[in-house]
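Undergrad: Take a look at the following structure, please.
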Amino acid sequence: MRALTWQGKRNVRVENVPDPSIRKPTDAVVRVTSTAICGSDLHLYEVMGAFLDAGDILGHEAIGAVEEVGPAVTAASVGERVVVPFNIACGTCWMCTQGLQSQCETTQNREHGTGASLFGYTKLYGQVPGGQAELLRVPLANAVPIKVPDGPADDRYLFLSDVLPTAWQAVEYAAIPPGGSVVVLGLGPIGAMSAQIAQHRGHRVIGVDLVPERLERARRRDVEVIDLDAHDDVADRIRDMTDGRGPDSVIDAVGMEAHGSPGAKLMQQVTTLMPDALAAALMKRAGVDRLHALYLAIDIVRRGGTISLSGVYGGQLDPMPMMDLFDKQIQLRMGQANVRSWIDDLMPLVCDDADPLGVEDLATHKVPLDDAPRAYEIFQKKQDSAIKILLQP
């Protein structure tokens with residue numbers, strides 16, 4: 001089959017690789033019809049090479065049809081259309097029964113001290129081949145795949161694999177009071193969907209970004225927007241808009257590659273030049289994140305408010321302004337999305353022909369899988385108005 005493989009920093013290549021097969025009785029193989037490039041994939045493209053091997057298949061957002069099932073699979077049948085969550089979770093362990101599929105005890109990576117395995121996402125999370133390929137082996141197929149209706153285009157359901165559950169959880173964790181206000185930092189796919197979900201739930205939404213296409217998309221959907229490059233002090237501007245207090249909640253949808261923080265940017269670049277063993281040790285034990293967005297969130301949220309982190313951070317010893325967090329009595333929630341926990345809330349909205357969350361116009365590019373290297377480049381460089389790119393094997 002054809003698959004997108006990691007080869008080094010900013011170096012990905014579509015290659016012929018062996019087809020996946022049924023290895024365990026609970027496996028399934030899915031023929032992928034659409035897969036997406038995620039902002040988290042750019043962390044692998046740019047920073048996380050110490051935890052990858054040349055030839056690793058990337059990608060954790062996929063939809064397709066079941067091609068083959070193992071003899072113990074009863075919850076999925078050949079020919080069924082399924083979306084594949086990025087969490088690999090058993091559905092029956094204690095963590096899964098608490099709705100914490102991202103912490104699944106069956107697939108936790110205890111040798112690295114990390115949570116549940118993920119598709120296409122480094123040795124830290126199981127080094128499981130990902131979905132940017134023609135075929136995808138899905139472990140624990142009685143619990144992982146989500147059946148979706150036949151008919152509508154993949155765009156309608158693909159984002160149930162990651163974007164929509166991550167955004168829904170970001171809004172849940174933000175604990176916005178009824179009729180309250182939320183600032184969304186970063187209007188990429190997760191931030192854009194967080195803004196739509198918060199609006200749908202009756203909240204006032206202010207979006208902050210510096211990419212013109214993202215700001216314009218948010219404006220079209222009636223989000224109040226602030227251009228980060230157009231204001232000397234975004235925090236003061238937001239306080240002026242919120243009775244001088246700041247918003248009830250802030251969602252940080254940016255994460256470790258935030259604009260600013262040149263020192264941390266340099267640290268990220270240095271790790272990519274080190275031998276993998278040294279780089280991995282440094283990234284596990286040092287602060288290597290660019291924390292501009294998180295510091296901004298702490299600054300602007302009102303006293304007694306809540307910050308929800310959906311952007312990925314990776315540094316072990318990142319400096320945190322603990323005095324400010326304590327003094328302002330800020331609540332802080334974060335973590336990988338527990339995809340299955342939010343599907344019952346999201347499925348009716350995704351199936352609604354009115355498309356209340358705007359999923360059908362989120363993708364700005366649809367390209368063949370063989371064009372993936374160029375797609376990664378324009379996504380990383382924010383060229384060609386790219387907001388979300390779908391690959392079609």
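Every chain in the structure tokens takes a letter, A first, then B, and so on in the order presented; its residues are numbered from 1, and the ligands are numbered from 1 following the presented order.
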Can you tell me, as a PyMOL selection string, which residues in stretch 127-364 of chain A count as strand (DSSP E or B) by DSSP?
TA: chain A and resi 128+133+135-138+146-147+181-185+204-209+224-227+249-252+257+290+306-309+331-334
Undergrad: Can those selected residues be exported to a file as an mmCIF file, in the first residue's frame so that it contains C-alpha atoms?
TA:
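Wrote it out as out-v4.cif, contents follow:
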```cif
data_model
loop_
_atom_site.group_PDB
_atom_site.id
_atom_site.type_symbol
_atom_site.label_atom_id
_atom_site.label_comp_id
_atom_site.auth_asym_id
_atom_site.auth_seq_id
_atom_site.Cartn_x
_atom_site.Cartn_y
_atom_site.Cartn_z
ATOM 1 C CA VAL A 128 1.335 2.493 16.211
ATOM 2 C CA ALA A 133 -2.197 5.541 4.309
ATOM 3 C CA LEU A 135 -5.025 0.891 4.865
ATOM 4 C CA LEU A 136 -5.046 1.125 8.660
ATOM 5 C CA ARG A 137 -4.846 -1.684 11.178
ATOM 6 C CA VAL A 138 -7.216 -0.892 14.064
ATOM 7 C CA ILE A 146 -17.249 4.488 15.388
ATOM 8 C CA LYS A 147 -19.934 3.579 12.849
ATOM 9 C CA SER A 181 -17.769 34.743 27.785
ATOM 10 C CA VAL A 182 -14.816 32.792 26.450
ATOM 11 C CA VAL A 183 -11.686 33.836 24.600
ATOM 12 C CA VAL A 184 -10.303 31.269 22.164
ATOM 13 C CA LEU A 185 -6.585 31.674 21.534
ATOM 14 C CA ARG A 204 -20.079 35.027 23.873
ATOM 15 C CA VAL A 205 -16.925 34.116 21.931
ATOM 16 C CA ILE A 206 -13.868 36.257 21.236
ATOM 17 C CA GLY A 207 -11.264 34.690 18.949
ATOM 18 C CA VAL A 208 -7.586 35.684 18.786
ATOM 19 C CA ASP A 209 -5.204 34.810 15.961
ATOM 20 C CA GLU A 224 -15.713 38.627 17.608
ATOM 21 C CA VAL A 225 -12.084 38.560 16.510
ATOM 22 C CA ILE A 226 -8.840 40.225 17.554
ATOM 23 C CA ASP A 227 -5.815 40.277 15.258
ATOM 24 C CA SER A 249 -12.897 31.368 30.486
ATOM 25 C CA VAL A 250 -10.011 31.054 28.057
ATOM 26 C CA ILE A 251 -9.341 28.152 25.686
ATOM 27 C CA ASP A 252 -5.699 27.819 24.640
ATOM 28 C CA GLU A 257 4.417 26.181 19.060
ATOM 29 C CA ARG A 290 6.845 28.216 23.705
ATOM 30 C CA THR A 306 -11.075 28.838 34.077
ATOM 31 C CA ILE A 307 -8.393 28.071 31.501
ATOM 32 C CA SER A 308 -8.859 25.053 29.255
ATOM 33 C CA LEU A 309 -5.767 23.765 27.452
ATOM 34 C CA GLN A 331 -8.987 26.803 37.522
ATOM 35 C CA LEU A 332 -6.841 24.929 34.985
ATOM 36 C CA ARG A 333 -7.978 21.853 33.023
ATOM 37 C CA MET A 334 -6.238 20.039 30.214
#
```
Undergrad: Tell me which protein, DNA and RNA residues are within 10 Å of A:Leu58, counting only C-alpha atoms, leaving out same-chain ones fewer than 2 positions away, and put them as a VMD selection string.
TA: chain A and resid 3 to 6 12 37 41 44 to 45 52 55 to 56 60 to 61 119 to 122 127 to 133
Undergrad: Stretch 122-287 of chain A: which residues are helix (DSSP H, G or I) by DSSP, as a ChimeraX atom specification?
TA: /A:123-125,155-161,163-174,189-200,212-220,228-230,234-241,262-273,276-285
Undergrad: If you count only C-alpha atoms, which residues fall within 12 Å of A:Met322, apart from same-chain ones fewer than 6 positions away, as a list in words?
TA: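 Near A:Met322, the qualifying residues are Tyr295, Ile298, Lys328, Gln329, Ile330, Gln331 and Leu332 of chain A.
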Undergrad: Suppose you want the space between atom CA of A:Asp327 and atom CA of A:Val301; what is it in Å?
TA: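 So the answer is 12.3 Å.
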Undergrad: For a test of reading the model, state the distance in Å between atom CA of A:Arg221 and atom CA of A:Leu294, rounded to one decimal.
TA: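 Between atom CA of A:Arg221 and atom CA of A:Leu294 the gap is 25.2 Å.
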Undergrad: What's around A:Phe379 at 8 Å? Count only C-alpha atoms, leave out sequence neighbours fewer than 4 positions away in its own chain, and write the answer as a list in words.
TA: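 Counting only the stated atoms, we get Ala375, Gln383, Ala386, Ile387, Lys388 and Ile389 of chain A.
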Undergrad: Since we have the selection now, will you write its residues out, keeping C-alpha atoms, as a PDB file, in the first residue's frame?
TA:
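Listed below is the output, part.pdb:
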```pdb
ATOM      1  CA  ALA A 375       0.617  19.536   1.859  1.00  0.00           C
ATOM      2  CA  GLN A 383       0.710  29.156   2.878  1.00  0.00           C
ATOM      3  CA  ALA A 386      -4.403  26.447   4.393  1.00  0.00           C
ATOM      4  CA  ILE A 387      -6.485  25.882   7.519  1.00  0.00           C
ATOM      5  CA  LYS A 388      -7.245  22.143   7.286  1.00  0.00           C
ATOM      6  CA  ILE A 389      -5.907  19.720   4.693  1.00  0.00           C
TER       7      ILE A 389
END
```
Undergrad: Which residue is closest to A:Ala170? Choose from A:Gln392, A:Gln196, A:Thr33, A:Thr364 and count only C-alpha atoms.
TA: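 Under the stated criterion, the closest residue is A:Gln196.
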Undergrad: So the first atom is atom CA of A:Cys90 and the second is atom CA of A:Thr106; what is the distance between them in Å, to one decimal place?
TA: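 Straight-line distance from atom CA of A:Cys90 to atom CA of A:Thr106 works out to 6.4 Å.
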Undergrad: Using only C-alpha atoms, which of A:Gly70, A:Gly335, A:Pro212, A:Gly186 sits nearest A:Gln103?
TA: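 Of A:Gly70, A:Gly335, A:Pro212, A:Gly186, the one nearest A:Gln103 is A:Gly335, counting only C-alpha atoms.
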Undergrad: Could you name the residues that touch stretch 151-163 of chain A at 6 Å or less, counting only C-alpha atoms, but leaving out those on the same chain fewer than 2 positions away, as an mmCIF file with N, CA and C atoms, in the first residue's frame?
TA:
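Done, and the output landed in around-v7.cif:
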```cif
data_model
loop_
_atom_site.group_PDB
_atom_site.id
_atom_site.type_symbol
_atom_site.label_atom_id
_atom_site.label_comp_id
_atom_site.auth_asym_id
_atom_site.auth_seq_id
_atom_site.Cartn_x
_atom_site.Cartn_y
_atom_site.Cartn_z
ATOM 1 N N GLU A 61 -6.114 10.901 12.125
ATOM 2 C CA GLU A 61 -7.494 11.255 11.795
ATOM 3 C C GLU A 61 -7.856 10.507 10.518
ATOM 4 N N ILE A 63 -11.053 8.122 8.221
ATOM 5 C CA ILE A 63 -12.371 7.543 7.998
ATOM 6 C C ILE A 63 -12.250 6.596 6.821
ATOM 7 N N VAL A 84 -12.260 6.563 12.775
ATOM 8 C CA VAL A 84 -11.341 5.954 13.727
ATOM 9 C C VAL A 84 -10.818 7.029 14.681
ATOM 10 N N PRO A 85 -11.213 7.006 15.969
ATOM 11 C CA PRO A 85 -10.672 7.968 16.931
ATOM 12 C C PRO A 85 -9.161 7.845 17.064
ATOM 13 N N PHE A 86 -8.535 8.918 17.460
ATOM 14 C CA PHE A 86 -7.076 8.846 17.607
ATOM 15 C C PHE A 86 -6.672 8.083 18.862
ATOM 16 N N PRO A 165 -14.226 16.176 18.901
ATOM 17 C CA PRO A 165 -14.164 15.817 20.320
ATOM 18 C C PRO A 165 -13.164 16.661 21.110
ATOM 19 N N THR A 166 -12.041 17.002 20.495
ATOM 20 C CA THR A 166 -11.065 17.843 21.180
ATOM 21 C C THR A 166 -11.656 19.218 21.468
ATOM 22 N N ILE A 190 -8.957 23.311 15.713
ATOM 23 C CA ILE A 190 -9.483 23.086 17.060
ATOM 24 C C ILE A 190 -10.085 24.367 17.612
ATOM 25 N N GLU A 360 -18.577 21.144 7.267
ATOM 26 C CA GLU A 360 -18.411 20.893 5.839
ATOM 27 C C GLU A 360 -17.556 21.932 5.132
#
```
